[in-house]
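One structure is given below, encoded as C-alpha cells.
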Amino acid sequence: IFISILKSQPIDLSLDWTTNNNIPFLIELENTIEDEIAVLPTVKGIIVIYKGQVVLENYYHGSSVDDVYNIWSVTKSFMSTLIGQAVDMGMMDDPDSSASNFFPDYDIDYVESIKLHHLLGMSSGYEENWGFLTNSTEEILSGNASGPGTFFYSNNACHLNAHALYHTTGQTPYEFANMYLFPYLGIVEPSWSSGYLGINNGSYGLQLNLRSMVKLGQLYIQDGFSGNEQILSAEWIERSTSPQVDTNWGNYGYGYLWWLPEIGFSYQASGAGGQLISVFPDYDLVVGTHSDGDSQALQTAIHNQIAPIFDRPSIAINEILASNNGCCLDEYGENNHYIELYNFGNDTVDVAGFFLTNDVENHDNYAQIQTGSDSTNIAPGEFLLIWSDDSPTQGLLHLDALLSNTGGQLALYAQDTSTIVDLMSYSVQAPDMAYAREQDGGGDWMYMDPTPGLSNTTIMSIDEQSFQPKTFKLAQNFPNPFNPTTNISFELLEDASVTIQIFDVSGRKIKTLISGNYSVGDYTTQWDARDERGQPVSAGVYIYTIESNNVLDSKKMILLK
C-alpha cells in the first residue's frame, strides 16, 4: 500500500560535508590525483565534491583540513554572490542600471557612463590602483578610466562592487554575508580584510579553509538552495556564469566575477597561487584547491585529467532485490529478482547495449540490455526496472540471473564494455528486503522495504504475513526499541540448522547470535547490543536475520541510547 513520497532536497550546506567512498571509479580518481596533483610542489590541498558528497580529500606539504588560507580572487565570486542576493531581494537595482544609482551621493560624469554590469564583468575601464582599499569611494570613482566595454582585469575596479553594496544596503560585505550567506554555508566569522568605512575588500582578502570555500560552488550547482532555503536565484546563477564580456584571454570567458573556461563546460572562481573552485554542473562536480604556486598547472589537471573521469552516463544502480518471495510481480505475475536503475542527470539516457555483470574481473560473464524499443530510455529523475530472472526470452528487460541472496557484487558498464558506470557489492539478502541507496542515485546503501520503480524515499507498507516461511516463524524482538538488551524469539516447525545474525543498515555483519542444529520447538536468544569483539554498538536501526534450511527471514529493530 502506497503511503507517501518524500521529495529529496538539496543538501543543507550549513552542515558538515558527508563523505562517500562508494563511487565505482574511486581508484581511477585516486591514481589521477596522485599522478597529477600530489606531485605539484606548491599544492596544499584538494577536495572533490560529487553529487553533494566528498569523494576525495587530500592535503599536502604540512597542510591540513583545518588550515585557513587567503583565498585571494576567489573572494570576487563571493562578492558576485552577495550582489546577486541583494538584487534578488530588491535591495539593489538590476546590474543593467546606471552605476550612478548605486552611488547617489557622488556627481561624477564617468559614473553616469557605466553600469554595475561593467563593474561585475571587469569592463568598467577603471585602471588598477593598488591603494584602493583605503581610498574613499569618491577617490576610486574619480580614478583614471579608459571607457567602458573592454575587459580589463582590475582589482581596484572590482572593489567598487563592495562600495556599491555598502552604499545601497547600508551594510559592509561582511555584515551582509553574515546575515544572508555565511550562515547558510556553515561559515562562521571568517577573517576578511577591510578599509575605508569598514568596507571589506571586494577583490581579495577573504580567508577560508578548503571545505568552506567550495560550498559556494555547491550552492551554484544546487540552483542557489541550501537545504530547503533558496538564498540565491537560479536566474542570477545563470547570468553570472554566462559570458558577459569578450576577454581576449585565450579560451577564457568572463561572467559576473566568475571565469568561464571553454573546456569542460564549467565555470571557475580563481585566486592567485591556485585557490580554485572549479564547478562542472553537467557532472554534478565541484573541485577545490588551495595552493601557493602554479595555478595554471592545477587548472589544467582539473579540467583535462580529473573532470573527464566523471564524464559518464548519469545512471546509477539504485536498488536490488535478490530474494523475492512474494513482494513484487513482473508482467508475467512472477516473483523475480530485480535491479533498479536510476537517472540522476539532466538528459534522457538510453541504456540499450549497457552491460551488467556479477563478476567485475571477468568481462565474459555479463548480461547485455538489448536494443529494440524506447523501453530502455530513462528520463531524468526516472527509474527502470530490470528483472534478473534468467529468462531473457521474456523481453528486453529480462536478463540472465545475476543476483544471489548470499551476497555478491554487481557492475554496470557502458556500451564500450570498459567504462564502469556504477559498481556495488552486497552481503546476505533477507526475503523481500531490498538493498538500496539511501538517496536516489547516491548516498550509502541500506536495507529497506522494496520500492521498485519508485523513489527510495517512498514509504511502503507490505503484508509481511504473506512472506512467512514454512519451516520456522520469527517473532519481532522485544522490547523494541530497546536499551541495552532485547530478546529474539523463533519457532521451529521441523528439526533444522539455524543461524541468527545481526546486520547494520549498510549490510555489514555485526554479530552471529546463534549457529547450530535445533529440534522442533520455541526458542529465545538475547542480544546485548555488542559486536563480535564485545564492543558496544551505536544507536540506530539494525536488521536481524534467521536462516534455516536455506530459507531466510528478517526484521528490523531499533537500539536507543
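Residues in the C-alpha cells are named by chain (A, B, ... in the order shown) and by number from 1 within that chain; ligands are numbered from 1 in the order shown.
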Checklist entry - What's the 12 Å shell around A:Arg533, counting only C-alpha atoms, without same-chain residues fewer than 4 positions away, as a VMD selection string? => result chain A and resid 510 to 512 529 537
Next on the checklist: Could you pull out the helix (DSSP H, G or I) residues of stretch 250-405 of chain A, going by DSSP on the backbone, and write them as a PyMOL selection string?
Outcome noted: chain A and resi 281-283+295-310+374-376+392-394
Checklist entry - Within 7 Å of A:Ile237, counting only C-alpha atoms, which residues qualify if same-chain residues fewer than 4 places away don't, as a PyMOL selection string? => result chain A and resi 220+233+241
Next, dump the selected residues to file, keeping only N, CA and C atoms, as a PDB file, in the first residue's frame.
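Okay, result_36.pdb is ready:
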```
ATOM      1  N   TYR A 220      25.905  26.916  -6.132  1.00  0.00           N
ATOM      2  CA  TYR A 220      25.559  27.220  -7.514  1.00  0.00           C
ATOM      3  C   TYR A 220      25.017  25.978  -8.224  1.00  0.00           C
ATOM      4  N   SER A 233      18.987  33.259  -6.441  1.00  0.00           N
ATOM      5  CA  SER A 233      18.094  32.821  -7.514  1.00  0.00           C
ATOM      6  C   SER A 233      18.853  32.077  -8.603  1.00  0.00           C
ATOM      7  N   THR A 241      27.204  33.215 -14.518  1.00  0.00           N
ATOM      8  CA  THR A 241      28.102  32.198 -15.076  1.00  0.00           C
ATOM      9  C   THR A 241      27.948  32.082 -16.594  1.00  0.00           C
TER      10      THR A 241
END
```
Item to check | Distance in Å - atom CA of A:Phe102 versus atom CA of A:Phe152 | outcome: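 So the two atoms, atom CA of A:Phe102 and atom CA of A:Phe152, lie 21.2 Å apart.
Minimum atom-to-atom distances from A:Met557, A:Ile47, A:Leu40, A:Ala99 to A:His61 were compared using only C-alpha atoms, and the lowest value belongs to A:Leu40.
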Checklist entry - Which polymer residues have any atom within 6 Å of an atom of A:Ser77, counting only C-alpha atoms, with same-chain residues fewer than 6 positions away left out, as a ChimeraX atom specification? => result /A:257-258,269
File of the preceding selection, C-alpha atoms, as a short mmCIF file (atom, residue, chain, number, x, y, z; two decimals), in the first residue's frame:
```cif
data_model
loop_
_atom_site.label_atom_id
_atom_site.label_comp_id
_atom_site.auth_asym_id
_atom_site.auth_seq_id
_atom_site.Cartn_x
_atom_site.Cartn_y
_atom_site.Cartn_z
CA LEU A 257 33.23 37.76 -11.38
CA TRP A 258 33.36 34.11 -12.49
CA ALA A 269 36.46 31.02 -9.15
#
```
Item to check | Residue neighbourhood A:Leu197, 9 Å, only C-alpha atoms, exclusion window fewer than 2 positions, as JSON, numbers by chain | outcome: {"A": [134, 136, 172, 194, 195, 199, 200]}
Next on the checklist: One decimal, in Å: what's the spacing between atom CA of A:Ser142 and atom CA of A:Asn70?
Outcome noted: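 Atom-to-atom, atom CA of A:Ser142 to atom CA of A:Asn70, that is 29.0 Å.
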Next on the checklist: So that I can see what lies close to stretch 385-394 of chain A, please list as a PyMOL selection string the residues with an atom at most 7 Å from it, counting only C-alpha atoms and leaving out residues fewer than 2 positions away in the same chain.
Outcome noted: chain A and resi 336-341+383+396-403+452-453
Export of prior selection with all heavy atoms as a CSV table (one decimal), in the first residue's frame:
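Printed below is selection.csv as written:
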```csv
chain,number,residue,atom,x,y,z
A,336,ASN,N,10.3,-12.3,-9.2
A,336,ASN,CA,11.6,-12.5,-9.6
A,336,ASN,C,12.5,-11.4,-9.0
A,336,ASN,O,12.1,-10.3,-8.6
A,336,ASN,CB,11.7,-12.4,-11.2
A,336,ASN,CG,11.1,-13.6,-11.8
A,336,ASN,OD1,11.4,-14.7,-11.4
A,336,ASN,ND2,10.3,-13.4,-12.9
A,337,HIS,N,13.8,-11.7,-9.0
A,337,HIS,CA,14.8,-10.7,-8.5
A,337,HIS,C,14.8,-9.5,-9.5
A,337,HIS,O,14.5,-9.7,-10.7
A,337,HIS,CB,16.2,-11.3,-8.5
A,337,HIS,CG,16.3,-12.5,-7.7
A,337,HIS,ND1,17.4,-13.4,-7.7
A,337,HIS,CD2,15.5,-13.1,-6.8
A,337,HIS,CE1,17.2,-14.4,-6.9
A,337,HIS,NE2,16.0,-14.2,-6.3
A,338,TYR,N,15.1,-8.3,-9.0
A,338,TYR,CA,15.1,-7.2,-9.9
A,338,TYR,C,16.3,-6.3,-9.6
A,338,TYR,O,16.9,-6.3,-8.5
A,338,TYR,CB,13.8,-6.4,-9.9
A,338,TYR,CG,13.5,-5.7,-8.6
A,338,TYR,CD1,14.2,-4.5,-8.2
A,338,TYR,CD2,12.5,-6.1,-7.7
A,338,TYR,CE1,13.9,-3.9,-7.0
A,338,TYR,CE2,12.1,-5.4,-6.6
A,338,TYR,CZ,12.9,-4.3,-6.2
A,338,TYR,OH,12.5,-3.7,-5.0
A,339,ILE,N,16.7,-5.5,-10.6
A,339,ILE,CA,17.7,-4.5,-10.5
A,339,ILE,C,17.1,-3.2,-10.9
A,339,ILE,O,16.6,-3.1,-12.1
A,339,ILE,CB,19.0,-4.8,-11.3
A,339,ILE,CG1,19.6,-6.1,-10.9
A,339,ILE,CG2,20.0,-3.7,-11.3
A,339,ILE,CD1,20.6,-6.7,-12.0
A,340,GLU,N,17.1,-2.2,-10.1
A,340,GLU,CA,16.5,-0.9,-10.5
A,340,GLU,C,17.6,0.1,-10.8
A,340,GLU,O,18.6,0.3,-10.1
A,340,GLU,CB,15.7,-0.3,-9.3
A,340,GLU,CG,15.1,1.0,-9.6
A,340,GLU,CD,14.4,1.6,-8.3
A,340,GLU,OE1,15.2,2.2,-7.5
A,340,GLU,OE2,13.2,1.5,-8.2
A,341,LEU,N,17.5,0.7,-12.0
A,341,LEU,CA,18.4,1.8,-12.4
A,341,LEU,C,17.8,3.1,-12.3
A,341,LEU,O,16.5,3.2,-12.4
A,341,LEU,CB,18.9,1.5,-13.9
A,341,LEU,CG,19.5,0.2,-14.2
A,341,LEU,CD1,19.9,0.2,-15.7
A,341,LEU,CD2,20.7,-0.1,-13.3
A,383,PHE,N,13.1,5.9,-13.3
A,383,PHE,CA,13.7,4.6,-12.9
A,383,PHE,C,13.4,3.6,-14.0
A,383,PHE,O,12.4,3.7,-14.8
A,383,PHE,CB,13.0,4.1,-11.6
A,383,PHE,CG,13.1,5.1,-10.5
A,383,PHE,CD1,12.1,6.0,-10.3
A,383,PHE,CD2,14.1,5.0,-9.5
A,383,PHE,CE1,12.2,6.9,-9.2
A,383,PHE,CE2,14.2,5.9,-8.5
A,383,PHE,CZ,13.3,6.9,-8.3
A,396,LEU,N,13.0,-7.4,-23.4
A,396,LEU,CA,14.2,-6.6,-23.3
A,396,LEU,C,14.7,-6.4,-21.9
A,396,LEU,O,15.9,-6.3,-21.6
A,396,LEU,CB,14.1,-5.3,-24.0
A,396,LEU,CG,13.8,-5.3,-25.5
A,396,LEU,CD1,13.5,-3.8,-25.9
A,396,LEU,CD2,14.9,-5.9,-26.2
A,397,LEU,N,13.8,-6.3,-20.9
A,397,LEU,CA,14.1,-6.0,-19.5
A,397,LEU,C,14.2,-7.2,-18.7
A,397,LEU,O,14.1,-7.2,-17.4
A,397,LEU,CB,13.1,-5.0,-19.0
A,397,LEU,CG,13.0,-3.7,-19.8
A,397,LEU,CD1,12.0,-2.7,-19.1
A,397,LEU,CD2,14.4,-3.0,-19.9
A,398,HIS,N,14.4,-8.4,-19.3
A,398,HIS,CA,14.6,-9.7,-18.6
A,398,HIS,C,16.0,-10.2,-18.9
A,398,HIS,O,16.3,-10.4,-20.1
A,398,HIS,CB,13.5,-10.7,-18.9
A,398,HIS,CG,12.2,-10.3,-18.4
A,398,HIS,ND1,11.6,-10.9,-17.3
A,398,HIS,CD2,11.2,-9.5,-18.9
A,398,HIS,CE1,10.4,-10.4,-17.1
A,398,HIS,NE2,10.1,-9.5,-18.0
A,399,LEU,N,16.8,-10.4,-17.9
A,399,LEU,CA,18.2,-10.8,-18.2
A,399,LEU,C,18.5,-12.1,-17.5
A,399,LEU,O,17.8,-12.6,-16.7
A,399,LEU,CB,19.2,-9.7,-17.7
A,399,LEU,CG,19.0,-8.3,-18.3
A,399,LEU,CD1,20.1,-7.4,-17.7
A,399,LEU,CD2,19.1,-8.3,-19.8
A,400,ASP,N,19.7,-12.6,-17.8
A,400,ASP,CA,20.2,-13.7,-17.1
A,400,ASP,C,20.3,-13.4,-15.6
A,400,ASP,O,20.4,-12.3,-15.2
A,400,ASP,CB,21.7,-14.1,-17.6
A,400,ASP,CG,21.7,-14.5,-19.0
A,400,ASP,OD1,20.6,-15.0,-19.5
A,400,ASP,OD2,22.7,-14.3,-19.7
A,401,ALA,N,20.2,-14.5,-14.8
A,401,ALA,CA,20.3,-14.3,-13.3
A,401,ALA,C,21.6,-13.8,-12.9
A,401,ALA,O,22.7,-14.3,-13.2
A,401,ALA,CB,20.0,-15.6,-12.6
A,402,LEU,N,21.6,-12.6,-12.2
A,402,LEU,CA,22.9,-12.0,-11.7
A,402,LEU,C,23.0,-11.8,-10.2
A,402,LEU,O,24.0,-11.5,-9.7
A,402,LEU,CB,23.1,-10.6,-12.4
A,402,LEU,CG,23.2,-10.6,-13.9
A,402,LEU,CD1,23.1,-9.2,-14.5
A,402,LEU,CD2,24.5,-11.3,-14.4
A,403,LEU,N,21.9,-12.0,-9.5
A,403,LEU,CA,21.8,-11.7,-8.1
A,403,LEU,C,21.7,-13.0,-7.3
A,403,LEU,O,21.2,-14.0,-7.8
A,403,LEU,CB,20.6,-10.8,-7.8
A,403,LEU,CG,20.5,-9.5,-8.5
A,403,LEU,CD1,19.2,-8.8,-8.1
A,403,LEU,CD2,21.7,-8.6,-8.1
A,452,PRO,N,10.2,-0.8,-5.9
A,452,PRO,CA,10.5,-1.0,-7.4
A,452,PRO,C,9.9,0.1,-8.2
A,452,PRO,O,8.7,0.3,-8.2
A,452,PRO,CB,10.0,-2.4,-7.7
A,452,PRO,CG,8.9,-2.6,-6.7
A,452,PRO,CD,9.4,-1.9,-5.4
A,453,GLY,N,10.7,0.8,-9.0
A,453,GLY,CA,10.2,1.8,-9.9
A,453,GLY,C,9.8,3.1,-9.2
A,453,GLY,O,9.3,4.0,-9.9
```
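Nearest to A:Tyr184 of all the residues A:Asn101, A:Ser14, A:Asn346, A:Thr485 is A:Ser14, counting only C-alpha atoms.
The space separating atom CA of A:Gly255 from atom CA of A:Leu56 comes to 28.7 Å.
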Item to check | Residues near stretch 417-428 of chain A, cut-off 6 Å, only C-alpha atoms, skip fewer than 2 positions along chain, as a list in words | outcome: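 Near neighbours after the sequence-gap exclusion: Pro24, Ala316, Asn405, Thr406, Gly407, Gly408, Gln409, Leu410, Ala411, Leu412, Tyr413, Ala414 and Gln415 of chain A.
Residue nearest A:Leu13 within the list A:Ser226, A:Asn209, A:Gln501, A:Ser146: A:Ser226 [criterion: smallest interatomic distance, only C-alpha atoms].
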Item to check | Using only C-alpha atoms: which of A:Gly121, A:Pro243, A:Gly521, A:Pro261 has the shortest distance to A:Phe490 | outcome: A:Gly521
Checklist entry - For A:Gln53, which residue among A:Leu492, A:Val286, A:Leu133, A:Ala234 is the nearest when counting only C-alpha atoms? => result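 Going through A:Leu492, A:Val286, A:Leu133, A:Ala234 one by one, the smallest distance to A:Gln53 is for A:Val286.
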Item to check | Residue nearest A:Glu175 - candidates A:Ile33, A:Leu219, A:Ala162, A:Leu210, atoms counted: only C-alpha atoms | outcome: A:Ala162
Checklist entry - Mind checking DSSP for stretch 95-337 of chain A and telling me the strand (DSSP E or B) residues as a PyMOL selection string? => result chain A and resi 98+115+126+145+192+194+200+206-208+225-226+229-230+245-249+252-254+259-261+267-271+275-280+285-291+315-321
Can you list every residue of stretch 41-124 of chain A that has an atom at most 12 Å from stretch 310-313 of chain A, with its nearest atom pair and the distance in Å to one decimal, using only C-alpha atoms, ordered by chain then number, as a Markdown table?
```
| residue | atom | partner | partner_atom | distance |
| --- | --- | --- | --- | --- |
| A:Val48 | CA | A:Phe310 | CA | 11.0 |
| A:Ile49 | CA | A:Phe310 | CA | 11.1 |
| A:Tyr50 | CA | A:Phe310 | CA | 8.7 |
| A:Lys51 | CA | A:Phe310 | CA | 10.7 |
| A:Val55 | CA | A:Phe310 | CA | 11.7 |
```
Could those residues be written to a file, using N, CA and C atoms, as a PDB file, in the first residue's frame?
```pdb
ATOM      1  N   VAL A  48      37.248  16.984  -3.664  1.00  0.00           N
ATOM      2  CA  VAL A  48      36.389  16.664  -4.797  1.00  0.00           C
ATOM      3  C   VAL A  48      34.990  16.362  -4.263  1.00  0.00           C
ATOM      4  N   ILE A  49      34.032  17.161  -4.697  1.00  0.00           N
ATOM      5  CA  ILE A  49      32.643  17.006  -4.276  1.00  0.00           C
ATOM      6  C   ILE A  49      31.848  16.472  -5.459  1.00  0.00           C
ATOM      7  N   TYR A  50      31.255  15.300  -5.298  1.00  0.00           N
ATOM      8  CA  TYR A  50      30.479  14.674  -6.367  1.00  0.00           C
ATOM      9  C   TYR A  50      29.081  14.366  -5.849  1.00  0.00           C
ATOM     10  N   LYS A  51      28.094  14.923  -6.540  1.00  0.00           N
ATOM     11  CA  LYS A  51      26.696  14.745  -6.134  1.00  0.00           C
ATOM     12  C   LYS A  51      26.501  15.135  -4.665  1.00  0.00           C
ATOM     13  N   VAL A  55      34.075  12.905  -2.114  1.00  0.00           N
ATOM     14  CA  VAL A  55      34.523  11.588  -2.559  1.00  0.00           C
ATOM     15  C   VAL A  55      36.040  11.459  -2.496  1.00  0.00           C
TER      16      VAL A  55
END
```
